[in-house]
Amino acid sequence: MRAYTQMIRLRTMDTILQDAQRQGRISFYMTCRGEEAIHFGAATALTLEDTIFAQYREAGALMWRGFSLLQFADQCFSNESDLGRGRQMPVHYGSRALNYQTISSPLGTQLPQAVGAAYRSKLQKKESVSIAFFGEGCASTVDFHSACNFAATLKVPVIFFCRNNGYAISTPATEQYAGDGIISRCRGYGMAGIRVDGNDMLAVSAAVHAAKAYAIENSAPVMIEAMTYRQGHHSTSDDSLRYRSEEEVRGHANHGDPLQRMTSFLNAYGMLDENRRTQLEDAEKLSVIKAMEAAEKKPPPHHRELFQDVYKNLPTHLEEQEEKLRDHISLYEGKY
């Protein structure tokens, strides 16, 4: 029930924060609608010692580890409590405490980084893995090839988790590759692979559990390809109905939606009824709105945060820039 509750929480958060972006309250947002089973299925099979390298549509894995609604909202509003100090776009989450590496916008950069983290774990003889999430479009990058080759030749315990959701922004999977998806590339790298129904949370959990065990036991990489469908737009900067039909989206939403499937499963086993589900949805909606309103009231980070966390001692040229910024803010005080 915890995973199901958080699936509802994530979908509710996505709906409300996307609406907030449309209202001009935040600058950008990306939803995970239709892919929630991947997040929570994977997260339930991992421990806090397993390092997560996400792309930008895996907020549920961070939620499972304990990232609160207020922390999500703080990041999206880029306020003084944002762990990234307002330096990142919304939905580019990160948490050192939860072993979740900060999201990077450029595609594929997380893949070789995950290999490096896994190599360190191997050298330190740790019983843990690193897991890198990416979309099937990302598999067209050079970083994908480099990471797979390094992982296979160095024999490191890393899981490459491909979310094959049918679209790389506006490019359909049929124009991304001619072979049998992404998993068919495993043989060329000498790597084990698993294809799984990405809309079945329990199946995803079983796949990641098996992949982790194999990776640790054999000190070797594993690739997982989860077949799913991106129900939402790529981001708030995208209108997906310009390259796919409303009927296509509705068809996937009505047949295979991970939240609907989990609801049916719990109903079938007497663990959920309509009244309980409505109570959960109402409670999560109130919690998200409360977190969003609290985050929105907080001031932005102080301008000095722009100059920190790069150099131990601030260089002269940055001291001069900071002084010029202070003068500018003083001159136009009413604008800041």
# chains A, B, ... in the order shown; residues from 1 in each chain; ligands from 1
>>> select_by_dssp(residues="range 128-307 of chain A", states="strand (DSSP E)", output="PyMOL selection string")
chain A and resi 130-135+158-164+167-168+171-172+192-197+222-227
>>> write_last_selection(atoms="N, CA and C atoms", output="JSON list (two decimals), in the first residue's frame")
[["chain", "number", "residue", "atom", "x", "y", "z"],
["A", 130, "SER", "N", 25.19, 0.70, -8.70],
["A", 130, "SER", "CA", 24.67, 2.00, -9.13],
["A", 130, "SER", "C", 23.68, 1.70, -10.25],
["A", 131, "ILE", "N", 22.66, 2.53, -10.36],
["A", 131, "ILE", "CA", 21.64, 2.32, -11.38],
["A", 131, "ILE", "C", 21.44, 3.62, -12.15],
["A", 132, "ALA", "N", 21.49, 3.54, -13.46],
["A", 132, "ALA", "CA", 21.34, 4.72, -14.31],
["A", 132, "ALA", "C", 20.07, 4.57, -15.14],
["A", 133, "PHE", "N", 19.16, 5.53, -14.98],
["A", 133, "PHE", "CA", 17.93, 5.55, -15.77],
["A", 133, "PHE", "C", 18.13, 6.41, -17.01],
["A", 134, "PHE", "N", 17.50, 5.99, -18.10],
["A", 134, "PHE", "CA", 17.58, 6.77, -19.34],
["A", 134, "PHE", "C", 16.44, 6.34, -20.25],
["A", 135, "GLY", "N", 16.12, 7.18, -21.23],
["A", 135, "GLY", "CA", 15.10, 6.84, -22.20],
["A", 135, "GLY", "C", 15.70, 6.20, -23.43],
["A", 158, "VAL", "N", 26.73, -2.39, -12.32],
["A", 158, "VAL", "CA", 25.87, -1.26, -12.66],
["A", 158, "VAL", "C", 24.65, -1.77, -13.40],
["A", 159, "ILE", "N", 23.51, -1.14, -13.15],
["A", 159, "ILE", "CA", 22.27, -1.47, -13.86],
["A", 159, "ILE", "C", 21.93, -0.32, -14.79],
["A", 160, "PHE", "N", 21.84, -0.60, -16.08],
["A", 160, "PHE", "CA", 21.38, 0.39, -17.05],
["A", 160, "PHE", "C", 19.88, 0.17, -17.24],
["A", 161, "PHE", "N", 19.08, 1.14, -16.81],
["A", 161, "PHE", "CA", 17.63, 0.97, -16.85],
["A", 161, "PHE", "C", 17.04, 1.88, -17.92],
["A", 162, "CYS", "N", 16.62, 1.27, -19.02],
["A", 162, "CYS", "CA", 16.04, 2.03, -20.14],
["A", 162, "CYS", "C", 14.52, 2.10, -20.01],
["A", 163, "ARG", "N", 14.00, 3.30, -19.95],
["A", 163, "ARG", "CA", 12.55, 3.53, -19.99],
["A", 163, "ARG", "C", 12.18, 3.70, -21.46],
["A", 164, "ASN", "N", 11.70, 2.68, -22.07],
["A", 164, "ASN", "CA", 11.29, 2.80, -23.47],
["A", 164, "ASN", "C", 9.82, 3.22, -23.48],
["A", 167, "TYR", "N", 8.70, 7.53, -27.16],
["A", 167, "TYR", "CA", 9.04, 8.81, -27.78],
["A", 167, "TYR", "C", 10.29, 9.42, -27.17],
["A", 168, "ALA", "N", 11.17, 9.92, -28.03],
["A", 168, "ALA", "CA", 12.30, 10.75, -27.60],
["A", 168, "ALA", "C", 11.89, 12.18, -27.94],
["A", 171, "THR", "N", 10.26, 12.40, -31.39],
["A", 171, "THR", "CA", 10.70, 11.34, -32.31],
["A", 171, "THR", "C", 10.21, 9.98, -31.82],
["A", 172, "PRO", "N", 9.36, 9.30, -32.58],
["A", 172, "PRO", "CA", 8.87, 8.00, -32.15],
["A", 172, "PRO", "C", 9.98, 6.95, -32.17],
["A", 192, "ALA", "N", 24.42, -8.96, -19.76],
["A", 192, "ALA", "CA", 23.13, -9.60, -19.49],
["A", 192, "ALA", "C", 22.01, -8.57, -19.65],
["A", 193, "GLY", "N", 20.83, -9.04, -20.03],
["A", 193, "GLY", "CA", 19.72, -8.12, -20.23],
["A", 193, "GLY", "C", 18.38, -8.70, -19.85],
["A", 194, "ILE", "N", 17.46, -7.82, -19.47],
["A", 194, "ILE", "CA", 16.09, -8.21, -19.10],
["A", 194, "ILE", "C", 15.12, -7.22, -19.74],
["A", 195, "ARG", "N", 14.10, -7.74, -20.41],
["A", 195, "ARG", "CA", 13.01, -6.87, -20.86],
["A", 195, "ARG", "C", 11.80, -7.13, -19.96],
["A", 196, "VAL", "N", 11.13, -6.05, -19.55],
["A", 196, "VAL", "CA", 10.04, -6.19, -18.59],
["A", 196, "VAL", "C", 8.89, -5.26, -18.95],
["A", 197, "ASP", "N", 7.71, -5.63, -18.54],
["A", 197, "ASP", "CA", 6.54, -4.79, -18.69],
["A", 197, "ASP", "C", 6.68, -3.60, -17.73],
["A", 222, "VAL", "N", 24.23, -5.06, -15.99],
["A", 222, "VAL", "CA", 22.97, -5.63, -16.48],
["A", 222, "VAL", "C", 22.15, -4.49, -17.09],
["A", 223, "MET", "N", 21.50, -4.78, -18.20],
["A", 223, "MET", "CA", 20.61, -3.79, -18.79],
["A", 223, "MET", "C", 19.16, -4.26, -18.65],
["A", 224, "ILE", "N", 18.30, -3.33, -18.30],
["A", 224, "ILE", "CA", 16.86, -3.59, -18.23],
["A", 224, "ILE", "C", 16.17, -2.65, -19.21],
["A", 225, "GLU", "N", 15.27, -3.18, -20.00],
["A", 225, "GLU", "CA", 14.44, -2.35, -20.86],
["A", 225, "GLU", "C", 12.99, -2.51, -20.42],
["A", 226, "ALA", "N", 12.42, -1.43, -19.91],
["A", 226, "ALA", "CA", 11.04, -1.44, -19.44],
["A", 226, "ALA", "C", 10.15, -0.81, -20.50],
["A", 227, "MET", "N", 9.21, -1.58, -21.02],
["A", 227, "MET", "CA", 8.33, -1.09, -22.07],
["A", 227, "MET", "C", 7.13, -0.37, -21.45]]
>>> residues_around(residues="Asn99 in chain A", least_positions_apart="3", cutoff="8 Å", atoms="only C-alpha atoms", output="mmCIF file with C-alpha atoms, in the first residue's frame")
data_model
loop_
_atom_site.group_PDB
_atom_site.id
_atom_site.type_symbol
_atom_site.label_atom_id
_atom_site.label_comp_id
_atom_site.auth_asym_id
_atom_site.auth_seq_id
_atom_site.Cartn_x
_atom_site.Cartn_y
_atom_site.Cartn_z
ATOM 1 C CA LEU A 48 19.988 3.443 0.219
ATOM 2 C CA GLU A 49 23.509 2.151 -0.489
ATOM 3 C CA ASP A 50 22.627 1.809 -4.187
ATOM 4 C CA THR A 51 23.391 5.078 -5.980
ATOM 5 C CA ILE A 52 20.711 6.397 -8.326
ATOM 6 C CA SER A 95 19.848 14.604 -2.579
ATOM 7 C CA ARG A 96 23.161 13.603 -1.075
#
>>> residues_around(residues="Thr44 in chain A", least_positions_apart="6", cutoff="10 Å", atoms="only C-alpha atoms", output="list of chain:residue names")
A:Ala3, A:Ala61, A:Trp64, A:Arg65, A:Met201, A:Leu202, A:Val204, A:Ser205, A:Ala206, A:Val208, A:His209
>>> closest_atom_pairs(of="range 216-241 of chain A", to="range 33-40 of chain A", cutoff="9 Å", atoms="only C-alpha atoms", output="CSV")
residue,atom,partner,partner_atom,distance
A:Ala226,CA,A:Ile38,CA,7.5
A:Thr228,CA,A:Glu35,CA,6.5
A:Tyr229,CA,A:Gly34,CA,6.1
A:Arg230,CA,A:Gly34,CA,5.7
A:Gln231,CA,A:Gly34,CA,5.4
A:Gly232,CA,A:Arg33,CA,5.9
>>> write_last_selection(atoms="N, CA, C and O atoms", output="PDB file, in the first residue's frame")
ATOM      1  N   ALA A 226      12.419  -1.428 -19.912  1.00  0.00           N
ATOM      2  CA  ALA A 226      11.038  -1.445 -19.437  1.00  0.00           C
ATOM      3  C   ALA A 226      10.155  -0.812 -20.499  1.00  0.00           C
ATOM      4  O   ALA A 226      10.322   0.362 -20.844  1.00  0.00           O
ATOM      5  N   THR A 228       6.977   0.894 -21.775  1.00  0.00           N
ATOM      6  CA  THR A 228       5.925   1.705 -21.170  1.00  0.00           C
ATOM      7  C   THR A 228       5.447   2.728 -22.193  1.00  0.00           C
ATOM      8  O   THR A 228       5.709   2.593 -23.385  1.00  0.00           O
ATOM      9  N   TYR A 229       4.732   3.747 -21.711  1.00  0.00           N
ATOM     10  CA  TYR A 229       4.225   4.778 -22.617  1.00  0.00           C
ATOM     11  C   TYR A 229       4.141   6.103 -21.862  1.00  0.00           C
ATOM     12  O   TYR A 229       3.602   6.157 -20.752  1.00  0.00           O
ATOM     13  N   ARG A 230       4.685   7.136 -22.475  1.00  0.00           N
ATOM     14  CA  ARG A 230       4.641   8.478 -21.881  1.00  0.00           C
ATOM     15  C   ARG A 230       3.288   9.118 -22.183  1.00  0.00           C
ATOM     16  O   ARG A 230       3.031   9.551 -23.297  1.00  0.00           O
ATOM     17  N   GLN A 231       2.433   9.182 -21.178  1.00  0.00           N
ATOM     18  CA  GLN A 231       1.087   9.708 -21.393  1.00  0.00           C
ATOM     19  C   GLN A 231       1.062  11.233 -21.492  1.00  0.00           C
ATOM     20  O   GLN A 231       0.192  11.802 -22.153  1.00  0.00           O
ATOM     21  N   GLY A 232       1.991  11.894 -20.819  1.00  0.00           N
ATOM     22  CA  GLY A 232       2.001  13.347 -20.829  1.00  0.00           C
ATOM     23  C   GLY A 232       2.860  13.915 -21.947  1.00  0.00           C
ATOM     24  O   GLY A 232       3.459  13.185 -22.739  1.00  0.00           O
TER      25      GLY A 232
END
>>> closest_residue(among="A:Leu10, A:Lys126, A:Ser105, A:Gln308", to="Phe67 in chain A", atoms="only C-alpha atoms")
A:Leu10
>>> residues_around(residues="Gln75 in chain A", least_positions_apart="2", cutoff="8 Å", atoms="only C-alpha atoms", output="compact mmCIF listing (two decimals) with C-alpha atoms, in the first residue's frame")
# COMPACT_ATOMS: atom_id res chain seq x y z
CA GLN A 71 11.37 19.39 -0.81
CA PHE A 72 9.99 18.73 -4.31
CA ALA A 73 8.09 22.01 -4.22
CA PHE A 77 10.05 27.12 -6.88
CA SER A 78 13.84 27.62 -6.57
CA ASN A 79 13.48 29.13 -3.11
CA SER A 81 15.21 25.92 0.96
CA ASP A 82 16.02 24.36 -2.41
CA LEU A 83 18.91 21.96 -1.91
CA GLY A 84 20.30 23.13 -5.25
CA GLY A 86 18.09 27.81 -7.09
CA PRO A 90 12.68 22.71 -11.88
CA VAL A 91 12.49 18.88 -11.63
CA HIS A 92 16.30 18.65 -11.60
CA TYR A 93 16.29 17.10 -8.14
>>> closest_residue(among="A:Met292, A:Met30, A:Ala97, A:Ala20", to="Gly66 in chain A", atoms="only C-alpha atoms")
A:Ala97
>>> select_by_dssp(residues="range 64-108 of chain A", states="alpha helix (DSSP H)", output="PDB file with N, CA, C and O atoms, in the first residue's frame")
ATOM      1  N   TRP A  64      10.283   7.659  -2.940  1.00  0.00           N
ATOM      2  CA  TRP A  64      10.298   6.422  -2.153  1.00  0.00           C
ATOM      3  C   TRP A  64      11.390   6.476  -1.080  1.00  0.00           C
ATOM      4  O   TRP A  64      11.198   5.956   0.019  1.00  0.00           O
ATOM      5  N   LEU A  69       7.230  16.125  -0.089  1.00  0.00           N
ATOM      6  CA  LEU A  69       6.519  16.992  -1.021  1.00  0.00           C
ATOM      7  C   LEU A  69       7.026  18.420  -0.935  1.00  0.00           C
ATOM      8  O   LEU A  69       7.143  19.116  -1.945  1.00  0.00           O
ATOM      9  N   LEU A  70       7.347  18.865   0.279  1.00  0.00           N
ATOM     10  CA  LEU A  70       7.869  20.224   0.440  1.00  0.00           C
ATOM     11  C   LEU A  70       9.227  20.364  -0.232  1.00  0.00           C
ATOM     12  O   LEU A  70       9.520  21.394  -0.855  1.00  0.00           O
ATOM     13  N   GLN A  71      10.062  19.335  -0.155  1.00  0.00           N
ATOM     14  CA  GLN A  71      11.366  19.393  -0.814  1.00  0.00           C
ATOM     15  C   GLN A  71      11.204  19.435  -2.336  1.00  0.00           C
ATOM     16  O   GLN A  71      11.936  20.158  -3.019  1.00  0.00           O
ATOM     17  N   PHE A  72      10.260  18.658  -2.872  1.00  0.00           N
ATOM     18  CA  PHE A  72       9.990  18.728  -4.309  1.00  0.00           C
ATOM     19  C   PHE A  72       9.540  20.137  -4.690  1.00  0.00           C
ATOM     20  O   PHE A  72      10.014  20.717  -5.675  1.00  0.00           O
ATOM     21  N   ALA A  73       8.620  20.682  -3.909  1.00  0.00           N
ATOM     22  CA  ALA A  73       8.087  22.013  -4.218  1.00  0.00           C
ATOM     23  C   ALA A  73       9.154  23.089  -4.057  1.00  0.00           C
ATOM     24  O   ALA A  73       9.242  24.019  -4.871  1.00  0.00           O
ATOM     25  N   ASP A  74       9.982  22.974  -3.027  1.00  0.00           N
ATOM     26  CA  ASP A  74      11.067  23.945  -2.827  1.00  0.00           C
ATOM     27  C   ASP A  74      11.975  23.994  -4.044  1.00  0.00           C
ATOM     28  O   ASP A  74      12.402  25.064  -4.487  1.00  0.00           O
ATOM     29  N   GLN A  75      12.286  22.810  -4.600  1.00  0.00           N
ATOM     30  CA  GLN A  75      13.166  22.779  -5.763  1.00  0.00           C
ATOM     31  C   GLN A  75      12.495  23.418  -6.974  1.00  0.00           C
ATOM     32  O   GLN A  75      13.122  24.190  -7.702  1.00  0.00           O
ATOM     33  N   CYS A  76      11.228  23.108  -7.178  1.00  0.00           N
ATOM     34  CA  CYS A  76      10.533  23.638  -8.354  1.00  0.00           C
ATOM     35  C   CYS A  76      10.325  25.150  -8.273  1.00  0.00           C
ATOM     36  O   CYS A  76      10.276  25.828  -9.303  1.00  0.00           O
ATOM     37  N   PHE A  77      10.205  25.676  -7.049  1.00  0.00           N
ATOM     38  CA  PHE A  77      10.053  27.122  -6.876  1.00  0.00           C
ATOM     39  C   PHE A  77      11.398  27.829  -6.701  1.00  0.00           C
ATOM     40  O   PHE A  77      11.448  29.049  -6.581  1.00  0.00           O
TER      41      PHE A  77
END
>>> residues_around(residues="Tyr29 in chain A", least_positions_apart="2", cutoff="8 Å", atoms="only C-alpha atoms", output="PyMOL selection string")
chain A and resi 17-18+21+26-27+31+76+90-91+235-236
>>> residues_around(residues="Lys125 in chain A", least_positions_apart="4", cutoff="10 Å", atoms="only C-alpha atoms", output="list of chain:residue names")
A:Tyr119, A:Arg120, A:Ser121, A:Ile216, A:Ser219
>>> residues_around(residues="Cys148 in chain A", least_positions_apart="6", cutoff="10 Å", atoms="only C-alpha atoms", output="ChimeraX atom specification")
/A:111-112,115,154,158,160,185-186,188-191,221-223
>>> closest_residue(among="A:Tyr332, A:Arg85, A:Gly94, A:Arg9", to="Pro301 in chain A", atoms="only C-alpha atoms")
A:Arg85
